[in-house]
$ cat model_5.txt   # compact mmCIF, C-alpha atoms
# COMPACT_ATOMS: atom_id res chain seq x y z
CA MET A 1 110.14 87.23 93.09
CA LYS A 2 108.92 87.33 96.67
CA LYS A 3 105.29 86.80 97.60
CA ILE A 4 103.62 89.76 99.29
CA ILE A 5 101.83 88.94 102.53
CA ASN A 6 98.24 90.19 102.45
CA PRO A 7 98.00 92.48 105.51
CA TRP A 8 94.18 92.20 105.66
CA GLU A 9 93.82 88.43 105.43
CA GLY A 10 91.77 87.26 108.39
CA LEU A 11 90.34 90.74 109.09
CA ASP A 12 86.63 90.47 109.91
CA GLY A 13 84.55 91.80 107.00
CA TYR A 14 87.42 91.86 104.47
CA MET A 15 85.73 90.86 101.19
CA CYS A 16 87.57 92.80 98.47
CA PHE A 17 86.34 91.58 95.08
CA ALA A 18 89.85 91.58 93.65
CA CYS A 19 92.13 90.31 96.43
CA SER A 20 90.20 88.75 99.30
CA PRO A 21 90.67 84.98 99.40
CA ALA A 22 87.35 84.77 101.32
CA ASN A 23 85.16 86.33 98.61
CA PRO A 24 83.48 83.40 96.79
CA SER A 25 82.82 85.55 93.68
CA GLY A 26 86.17 87.32 93.78
CA LEU A 27 89.29 87.25 91.64
CA HIS A 28 91.52 85.97 94.50
CA MET A 29 94.55 87.90 93.28
CA GLU A 30 97.93 87.37 94.92
CA PHE A 31 100.92 89.66 94.51
CA TYR A 32 104.69 89.39 94.23
CA GLU A 33 107.51 91.88 94.39
CA ASP A 34 109.98 91.70 91.51
CA GLY A 35 112.50 94.53 91.90
CA GLU A 36 110.67 97.80 91.27
CA ASP A 37 107.64 95.97 89.87
CA ILE A 38 104.67 94.39 91.58
CA VAL A 39 103.34 91.33 89.76
CA ALA A 40 100.19 89.21 89.90
CA ILE A 41 99.80 85.87 88.15
CA TRP A 42 96.15 85.11 87.55
CA LYS A 43 94.09 82.44 85.77
CA PRO A 44 91.00 83.70 83.94
CA LYS A 45 87.71 81.80 84.17
CA ALA A 46 84.68 81.68 81.88
CA ILE A 47 82.54 83.45 84.52
CA TYR A 48 84.57 86.62 83.85
CA GLN A 49 83.89 86.78 80.13
CA GLY A 50 82.26 89.54 78.16
CA TRP A 51 81.99 88.13 74.67
CA LEU A 52 82.29 84.35 74.19
CA HIS A 53 85.65 83.12 75.60
CA THR A 54 86.86 86.72 75.93
CA LEU A 55 87.88 88.30 79.23
CA HIS A 56 85.62 91.26 80.02
CA GLY A 57 87.30 94.67 79.78
CA GLY A 58 85.94 95.62 83.19
CA ILE A 59 87.70 92.63 84.72
CA GLN A 60 90.91 93.61 82.95
CA SER A 61 90.56 97.13 84.35
CA THR A 62 89.95 95.68 87.81
CA LEU A 63 93.10 93.55 87.57
CA MET A 64 95.20 96.60 86.68
CA ASP A 65 93.50 98.85 89.24
CA GLU A 66 94.03 96.36 92.05
CA LEU A 67 97.66 95.93 91.08
CA GLY A 68 98.03 99.72 91.32
CA GLY A 69 96.64 99.63 94.84
CA TRP A 70 99.11 96.93 95.86
CA ILE A 71 101.97 98.95 94.38
CA VAL A 72 101.01 101.75 96.78
CA VAL A 73 100.58 99.34 99.70
CA ARG A 74 103.94 97.60 99.23
CA LYS A 75 106.20 100.30 97.81
CA LEU A 76 104.90 103.28 99.81
CA GLN A 77 103.66 101.39 102.90
CA THR A 78 100.32 103.20 102.97
CA THR A 79 96.96 103.02 101.26
CA GLY A 80 95.24 105.21 98.74
CA VAL A 81 92.39 105.56 96.31
CA THR A 82 92.25 105.52 92.54
CA SER A 83 91.70 108.94 91.06
CA ARG A 84 92.02 108.00 87.40
CA LEU A 85 92.57 104.86 85.37
CA GLU A 86 93.04 105.01 81.62
CA ALA A 87 93.00 101.53 80.10
CA LYS A 88 94.05 100.57 76.59
CA PHE A 89 92.95 97.22 75.23
CA MET A 90 95.30 96.14 72.44
CA LYS A 91 94.67 92.40 72.07
CA SER A 92 91.72 90.34 73.26
CA ILE A 93 92.36 87.93 76.11
CA SER A 94 90.88 84.45 76.02
CA THR A 95 89.26 83.14 79.18
CA GLU A 96 90.97 79.87 78.28
CA GLU A 97 94.49 81.31 78.81
CA PRO A 98 96.49 79.15 81.24
CA GLU A 99 97.60 82.31 83.10
CA LEU A 100 98.00 86.04 82.78
CA VAL A 101 100.76 88.19 84.20
CA ILE A 102 99.77 91.64 85.44
CA ARG A 103 102.82 93.83 86.06
CA GLY A 104 103.16 97.44 87.17
CA ARG A 105 105.35 100.09 88.74
CA ILE A 106 105.48 103.67 89.97
CA LYS A 107 106.35 106.12 87.21
CA GLU A 108 106.39 109.24 89.34
CA GLN A 109 105.34 110.57 92.72
CA LYS A 110 104.44 114.15 93.62
CA ARG A 111 103.67 114.43 97.31
CA GLN A 112 100.50 112.36 97.83
CA VAL A 113 99.84 111.79 94.12
CA VAL A 114 101.34 108.66 92.54
CA PHE A 115 101.46 107.93 88.81
CA ILE A 116 101.47 104.21 88.03
CA GLU A 117 101.65 102.16 84.83
CA SER A 118 100.69 98.51 84.37
CA GLU A 119 100.32 95.87 81.70
CA ILE A 120 98.53 92.55 81.26
CA TYR A 121 100.49 89.85 79.40
CA ASN A 122 99.00 86.66 77.96
CA SER A 123 100.72 83.28 78.28
CA ALA A 124 102.70 83.99 75.08
CA GLY A 125 104.19 87.08 76.75
CA GLU A 126 102.27 89.53 74.55
CA ILE A 127 100.99 92.79 76.02
CA CYS A 128 97.20 92.70 75.72
CA SER A 129 96.20 95.65 77.88
CA ARG A 130 97.93 98.52 79.60
CA SER A 131 96.93 101.31 81.92
CA ASP A 132 98.06 104.63 83.29
CA MET A 133 96.72 105.35 86.76
CA VAL A 134 96.71 108.18 89.24
CA TYR A 135 96.42 107.34 92.93
CA PHE A 136 95.98 109.63 95.91
CA THR A 137 97.75 108.24 98.94
CA ILE A 138 96.80 108.92 102.52
CA PRO A 139 99.13 109.52 105.47
CA GLN A 140 100.25 106.34 107.23
CA ASP A 141 98.51 107.23 110.50
CA GLN A 142 95.18 107.55 108.66
CA ALA A 143 95.86 104.27 106.83
CA ARG A 144 96.18 102.57 110.22
CA GLU A 145 93.07 104.19 111.69
CA LYS A 146 90.68 104.04 108.73
CA PHE A 147 91.93 101.07 106.69
CA HIS A 148 93.44 98.78 109.35
CA PHE A 149 96.79 98.99 107.54
CA HIS A 150 99.82 98.18 109.66
CA GLY A 151 102.43 97.58 106.99
CA CYS A 152 103.01 95.22 104.11
CA ASN A 153 105.83 92.67 104.03
CA VAL A 154 107.03 89.86 101.79
CA GLU A 155 107.64 86.21 102.62
CA GLU A 156 111.26 85.25 103.18
$ encode --input "model_5.txt" --output "structure tokens"
Amino acid sequence: MKKIINPWEGLDGYMCFACSPANPSGLHMEFYEDGEDIVAIWKPKAIYQGWLHTLHGGIQSTLMDELGGWIVVRKLQTTGVTSRLEAKFMKSISTEEPELVIRGRIKEQKRQVVFIESEIYNSAGEICSRSDMVYFTIPQDQAREKFHFHGCNVEE
């Protein structure tokens, strides 16, 4: 796996709840490329619980949604917006898990519409949640102008 370099790190005003390292309340997600998949390894905290010691479903959805965005950024070298996210919660996730693995990939692309699937695995390797997402991508020139996106690379 190769670590993906965050193309917005250091950009003034960049405070994404999911991936900005500067957001004190954020999830501080980092991403890796593993073949066709994009992967995040993330440690839950008690502040993200819904029920006692249970990771909130909205946080789980955020983890999968953000991964979908990074799939678009890395694999298609542009940005986009989520049109639809359908999450399925199959097994509760403890906020005391040592780490979670969020993994996803492109299933299909039709012009500017991208269909993405993702899963969240607990530390035992069990699938706890999964999602099907639809993203609308924007042309690369607009990604540069509106979203300060100038490409996404991996560390060597």
$ atom_distance --input "model_5.txt" --atom1 "CA of Asn153 (chain A)" --atom2 "CA of Thr82 (chain A)"
21.9 Å
$ residues_near_point --input "model_5.txt" --point "(99.7, 94.1, 80.7)" --cutoff "9 Å" --atoms "all atoms listed in the file" --output "CSV table (one decimal) with C-alpha atoms, in the frame of the given file"
chain,number,residue,atom,x,y,z
A,64,MET,CA,95.2,96.6,86.7
A,100,LEU,CA,98.0,86.0,82.8
A,101,VAL,CA,100.8,88.2,84.2
A,102,ILE,CA,99.8,91.6,85.4
A,103,ARG,CA,102.8,93.8,86.1
A,104,GLY,CA,103.2,97.4,87.2
A,118,SER,CA,100.7,98.5,84.4
A,119,GLU,CA,100.3,95.9,81.7
A,120,ILE,CA,98.5,92.6,81.3
A,121,TYR,CA,100.5,89.8,79.4
A,122,ASN,CA,99.0,86.7,78.0
A,126,GLU,CA,102.3,89.5,74.6
A,127,ILE,CA,101.0,92.8,76.0
A,128,CYS,CA,97.2,92.7,75.7
A,129,SER,CA,96.2,95.6,77.9
A,130,ARG,CA,97.9,98.5,79.6
A,131,SER,CA,96.9,101.3,81.9
$ closest_residue --input "model_5.txt" --among "A:Ala40, A:Ala143, A:Pro24, A:Trp51" --to "Ser94 (chain A)" --atoms "only C-alpha atoms"
A:Trp51
$ atom_distance --input "model_5.txt" --atom1 "CA of Ile41 (chain A)" --atom2 "CA of Asp132 (chain A)"
19.5 Å
$ closest_residue --input "model_5.txt" --among "A:Glu145, A:Glu99, A:Asp65, A:Glu108" --to "Glu86 (chain A)" --atoms "all atoms listed in the file"
A:Asp65
$ residues_around --input "model_5.txt" --residues "Trp8 (chain A)" --least-positions-apart "6" --cutoff "9 Å" --atoms "all atoms listed in the file" --output "PyMOL selection string"
chain A and resi 14+20+148-149
$ residues_around --input "model_5.txt" --residues "Glu36 (chain A)" --least-positions-apart "2" --cutoff "8 Å" --atoms "all atoms listed in the file" --output "number ranges by chain"
A: 33-34, 38, 105-106
$ atom_distance --input "model_5.txt" --atom1 "CA of Ile47 (chain A)" --atom2 "CA of Gly10 (chain A)"
25.9 Å
$ residues_near_point --input "model_5.txt" --point "(100.9, 109.8, 106.6)" --cutoff "10 Å" --atoms "all atoms listed in the file" --output "count of residues only"
12
$ residues_around --input "model_5.txt" --residues "Ile59 (chain A)" --least-positions-apart "6" --cutoff "12 Å" --atoms "only C-alpha atoms" --output "PyMOL selection string"
chain A and resi 17-18+26-27+29+42+44-50+65-66+87+89+93+95+120+129
$ closest_residue --input "model_5.txt" --among "A:Leu11, A:Asp37, A:Arg74, A:Ser61" --to "Val154 (chain A)" --atoms "only C-alpha atoms"
A:Arg74
$ closest_residue --input "model_5.txt" --among "A:Leu76, A:Met133, A:Leu55, A:Ala22" --to "Lys91 (chain A)" --atoms "only C-alpha atoms"
A:Leu55
$ closest_residue --input "model_5.txt" --among "A:Cys16, A:Val72, A:Ser92, A:Met1" --to "His56 (chain A)" --atoms "only C-alpha atoms"
A:Ser92
$ decode --input "model_5.txt" --residues "region 110-124 of chain A" --atoms "all heavy atoms" --output "PDB file, in the first residue's frame"
ATOM      1  N   LYS A 110     -20.057   5.997 -15.651  1.00  0.00           N
ATOM      2  CA  LYS A 110     -20.800   6.395 -16.846  1.00  0.00           C
ATOM      3  C   LYS A 110     -20.655   7.902 -16.974  1.00  0.00           C
ATOM      4  O   LYS A 110     -21.286   8.652 -16.236  1.00  0.00           O
ATOM      5  CB  LYS A 110     -22.274   6.016 -16.724  1.00  0.00           C
ATOM      6  CG  LYS A 110     -22.530   4.525 -16.673  1.00  0.00           C
ATOM      7  CD  LYS A 110     -24.006   4.226 -16.556  1.00  0.00           C
ATOM      8  CE  LYS A 110     -24.250   2.733 -16.531  1.00  0.00           C
ATOM      9  NZ  LYS A 110     -25.675   2.422 -16.384  1.00  0.00           N
ATOM     10  N   ARG A 111     -19.780   8.294 -17.873  1.00  0.00           N
ATOM     11  CA  ARG A 111     -19.449   9.715 -18.066  1.00  0.00           C
ATOM     12  C   ARG A 111     -19.029  10.343 -16.743  1.00  0.00           C
ATOM     13  O   ARG A 111     -18.027   9.963 -16.178  1.00  0.00           O
ATOM     14  CB  ARG A 111     -20.596  10.450 -18.741  1.00  0.00           C
ATOM     15  CG  ARG A 111     -20.835   9.975 -20.166  1.00  0.00           C
ATOM     16  CD  ARG A 111     -21.800  10.892 -20.898  1.00  0.00           C
ATOM     17  NE  ARG A 111     -21.987  10.420 -22.253  1.00  0.00           N
ATOM     18  CZ  ARG A 111     -23.139  10.031 -22.739  1.00  0.00           C
ATOM     19  NH1 ARG A 111     -24.226  10.094 -21.995  1.00  0.00           N
ATOM     20  NH2 ARG A 111     -23.229   9.600 -23.976  1.00  0.00           N
ATOM     21  N   GLN A 112     -19.814  11.288 -16.236  1.00  0.00           N
ATOM     22  CA  GLN A 112     -19.447  11.979 -14.995  1.00  0.00           C
ATOM     23  C   GLN A 112     -20.055  11.340 -13.750  1.00  0.00           C
ATOM     24  O   GLN A 112     -19.858  11.843 -12.650  1.00  0.00           O
ATOM     25  CB  GLN A 112     -19.858  13.448 -15.075  1.00  0.00           C
ATOM     26  CG  GLN A 112     -19.005  14.238 -16.054  1.00  0.00           C
ATOM     27  CD  GLN A 112     -19.376  15.691 -16.054  1.00  0.00           C
ATOM     28  OE1 GLN A 112     -20.285  16.111 -16.761  1.00  0.00           O
ATOM     29  NE2 GLN A 112     -18.672  16.461 -15.249  1.00  0.00           N
ATOM     30  N   VAL A 113     -20.739  10.245 -13.891  1.00  0.00           N
ATOM     31  CA  VAL A 113     -21.351   9.548 -12.762  1.00  0.00           C
ATOM     32  C   VAL A 113     -20.507   8.327 -12.413  1.00  0.00           C
ATOM     33  O   VAL A 113     -20.191   7.512 -13.277  1.00  0.00           O
ATOM     34  CB  VAL A 113     -22.799   9.122 -13.088  1.00  0.00           C
ATOM     35  CG1 VAL A 113     -23.422   8.380 -11.925  1.00  0.00           C
ATOM     36  CG2 VAL A 113     -23.639  10.341 -13.462  1.00  0.00           C
ATOM     37  N   VAL A 114     -20.139   8.212 -11.129  1.00  0.00           N
ATOM     38  CA  VAL A 114     -19.288   7.115 -10.671  1.00  0.00           C
ATOM     39  C   VAL A 114     -20.025   6.351  -9.576  1.00  0.00           C
ATOM     40  O   VAL A 114     -20.543   6.948  -8.629  1.00  0.00           O
ATOM     41  CB  VAL A 114     -17.945   7.649 -10.126  1.00  0.00           C
ATOM     42  CG1 VAL A 114     -17.038   6.508  -9.704  1.00  0.00           C
ATOM     43  CG2 VAL A 114     -17.260   8.519 -11.161  1.00  0.00           C
ATOM     44  N   PHE A 115     -20.065   5.031  -9.723  1.00  0.00           N
ATOM     45  CA  PHE A 115     -20.691   4.148  -8.742  1.00  0.00           C
ATOM     46  C   PHE A 115     -19.575   3.504  -7.928  1.00  0.00           C
ATOM     47  O   PHE A 115     -18.656   2.897  -8.483  1.00  0.00           O
ATOM     48  CB  PHE A 115     -21.538   3.089  -9.455  1.00  0.00           C
ATOM     49  CG  PHE A 115     -22.634   3.683 -10.288  1.00  0.00           C
ATOM     50  CD1 PHE A 115     -22.400   4.060 -11.616  1.00  0.00           C
ATOM     51  CD2 PHE A 115     -23.890   3.903  -9.749  1.00  0.00           C
ATOM     52  CE1 PHE A 115     -23.406   4.624 -12.385  1.00  0.00           C
ATOM     53  CE2 PHE A 115     -24.899   4.476 -10.513  1.00  0.00           C
ATOM     54  CZ  PHE A 115     -24.661   4.835 -11.833  1.00  0.00           C
ATOM     55  N   ILE A 116     -19.662   3.653  -6.620  1.00  0.00           N
ATOM     56  CA  ILE A 116     -18.596   3.238  -5.708  1.00  0.00           C
ATOM     57  C   ILE A 116     -19.188   2.337  -4.623  1.00  0.00           C
ATOM     58  O   ILE A 116     -20.318   2.551  -4.174  1.00  0.00           O
ATOM     59  CB  ILE A 116     -17.937   4.478  -5.067  1.00  0.00           C
ATOM     60  CG1 ILE A 116     -17.238   5.307  -6.152  1.00  0.00           C
ATOM     61  CG2 ILE A 116     -16.973   4.090  -3.953  1.00  0.00           C
ATOM     62  CD1 ILE A 116     -16.740   6.659  -5.681  1.00  0.00           C
ATOM     63  N   GLU A 117     -18.403   1.350  -4.190  1.00  0.00           N
ATOM     64  CA  GLU A 117     -18.800   0.521  -3.053  1.00  0.00           C
ATOM     65  C   GLU A 117     -17.695   0.583  -2.008  1.00  0.00           C
ATOM     66  O   GLU A 117     -16.520   0.748  -2.352  1.00  0.00           O
ATOM     67  CB  GLU A 117     -19.061  -0.923  -3.485  1.00  0.00           C
ATOM     68  CG  GLU A 117     -17.860  -1.632  -4.069  1.00  0.00           C
ATOM     69  CD  GLU A 117     -18.181  -3.012  -4.610  1.00  0.00           C
ATOM     70  OE1 GLU A 117     -19.336  -3.468  -4.502  1.00  0.00           O
ATOM     71  OE2 GLU A 117     -17.246  -3.644  -5.155  1.00  0.00           O
ATOM     72  N   SER A 118     -18.083   0.476  -0.735  1.00  0.00           N
ATOM     73  CA  SER A 118     -17.092   0.486   0.340  1.00  0.00           C
ATOM     74  C   SER A 118     -17.576  -0.377   1.498  1.00  0.00           C
ATOM     75  O   SER A 118     -18.766  -0.689   1.608  1.00  0.00           O
ATOM     76  CB  SER A 118     -16.815   1.914   0.816  1.00  0.00           C
ATOM     77  OG  SER A 118     -17.920   2.414   1.526  1.00  0.00           O
ATOM     78  N   GLU A 119     -16.609  -0.730   2.346  1.00  0.00           N
ATOM     79  CA  GLU A 119     -16.910  -1.520   3.540  1.00  0.00           C
ATOM     80  C   GLU A 119     -16.085  -0.996   4.709  1.00  0.00           C
ATOM     81  O   GLU A 119     -15.006  -0.445   4.505  1.00  0.00           O
ATOM     82  CB  GLU A 119     -16.527  -2.999   3.351  1.00  0.00           C
ATOM     83  CG  GLU A 119     -17.045  -3.674   2.119  1.00  0.00           C
ATOM     84  CD  GLU A 119     -16.162  -3.486   0.892  1.00  0.00           C
ATOM     85  OE1 GLU A 119     -14.925  -3.355   1.034  1.00  0.00           O
ATOM     86  OE2 GLU A 119     -16.729  -3.431  -0.229  1.00  0.00           O
ATOM     87  N   ILE A 120     -16.606  -1.224   5.915  1.00  0.00           N
ATOM     88  CA  ILE A 120     -15.840  -0.980   7.140  1.00  0.00           C
ATOM     89  C   ILE A 120     -15.631  -2.333   7.804  1.00  0.00           C
ATOM     90  O   ILE A 120     -16.595  -3.069   8.057  1.00  0.00           O
ATOM     91  CB  ILE A 120     -16.561  -0.029   8.109  1.00  0.00           C
ATOM     92  CG1 ILE A 120     -16.788   1.339   7.468  1.00  0.00           C
ATOM     93  CG2 ILE A 120     -15.749   0.114   9.407  1.00  0.00           C
ATOM     94  CD1 ILE A 120     -17.562   2.321   8.343  1.00  0.00           C
ATOM     95  N   TYR A 121     -14.362  -2.635   8.108  1.00  0.00           N
ATOM     96  CA  TYR A 121     -13.982  -3.890   8.765  1.00  0.00           C
ATOM     97  C   TYR A 121     -13.509  -3.595  10.184  1.00  0.00           C
ATOM     98  O   TYR A 121     -12.762  -2.631  10.394  1.00  0.00           O
ATOM     99  CB  TYR A 121     -12.830  -4.560   8.018  1.00  0.00           C
ATOM    100  CG  TYR A 121     -13.158  -4.964   6.602  1.00  0.00           C
ATOM    101  CD1 TYR A 121     -13.048  -4.049   5.559  1.00  0.00           C
ATOM    102  CD2 TYR A 121     -13.557  -6.256   6.310  1.00  0.00           C
ATOM    103  CE1 TYR A 121     -13.340  -4.419   4.251  1.00  0.00           C
ATOM    104  CE2 TYR A 121     -13.853  -6.637   4.997  1.00  0.00           C
ATOM    105  CZ  TYR A 121     -13.743  -5.712   3.983  1.00  0.00           C
ATOM    106  OH  TYR A 121     -14.030  -6.083   2.692  1.00  0.00           O
ATOM    107  N   ASN A 122     -13.895  -4.425  11.137  1.00  0.00           N
ATOM    108  CA  ASN A 122     -13.369  -4.285  12.498  1.00  0.00           C
ATOM    109  C   ASN A 122     -11.996  -4.937  12.579  1.00  0.00           C
ATOM    110  O   ASN A 122     -11.480  -5.469  11.587  1.00  0.00           O
ATOM    111  CB  ASN A 122     -14.351  -4.838  13.536  1.00  0.00           C
ATOM    112  CG  ASN A 122     -14.601  -6.331  13.390  1.00  0.00           C
ATOM    113  OD1 ASN A 122     -13.855  -7.061  12.734  1.00  0.00           O
ATOM    114  ND2 ASN A 122     -15.673  -6.804  14.020  1.00  0.00           N
ATOM    115  N   SER A 123     -11.391  -4.923  13.768  1.00  0.00           N
ATOM    116  CA  SER A 123     -10.030  -5.445  13.903  1.00  0.00           C
ATOM    117  C   SER A 123      -9.961  -6.962  13.737  1.00  0.00           C
ATOM    118  O   SER A 123      -8.877  -7.513  13.523  1.00  0.00           O
ATOM    119  CB  SER A 123      -9.437  -5.026  15.250  1.00  0.00           C
ATOM    120  OG  SER A 123     -10.252  -5.489  16.300  1.00  0.00           O
ATOM    121  N   ALA A 124     -11.106  -7.655  13.800  1.00  0.00           N
ATOM    122  CA  ALA A 124     -11.144  -9.097  13.544  1.00  0.00           C
ATOM    123  C   ALA A 124     -11.319  -9.396  12.057  1.00  0.00           C
ATOM    124  O   ALA A 124     -11.396 -10.562  11.664  1.00  0.00           O
ATOM    125  CB  ALA A 124     -12.278  -9.737  14.353  1.00  0.00           C
TER     126      ALA A 124
END
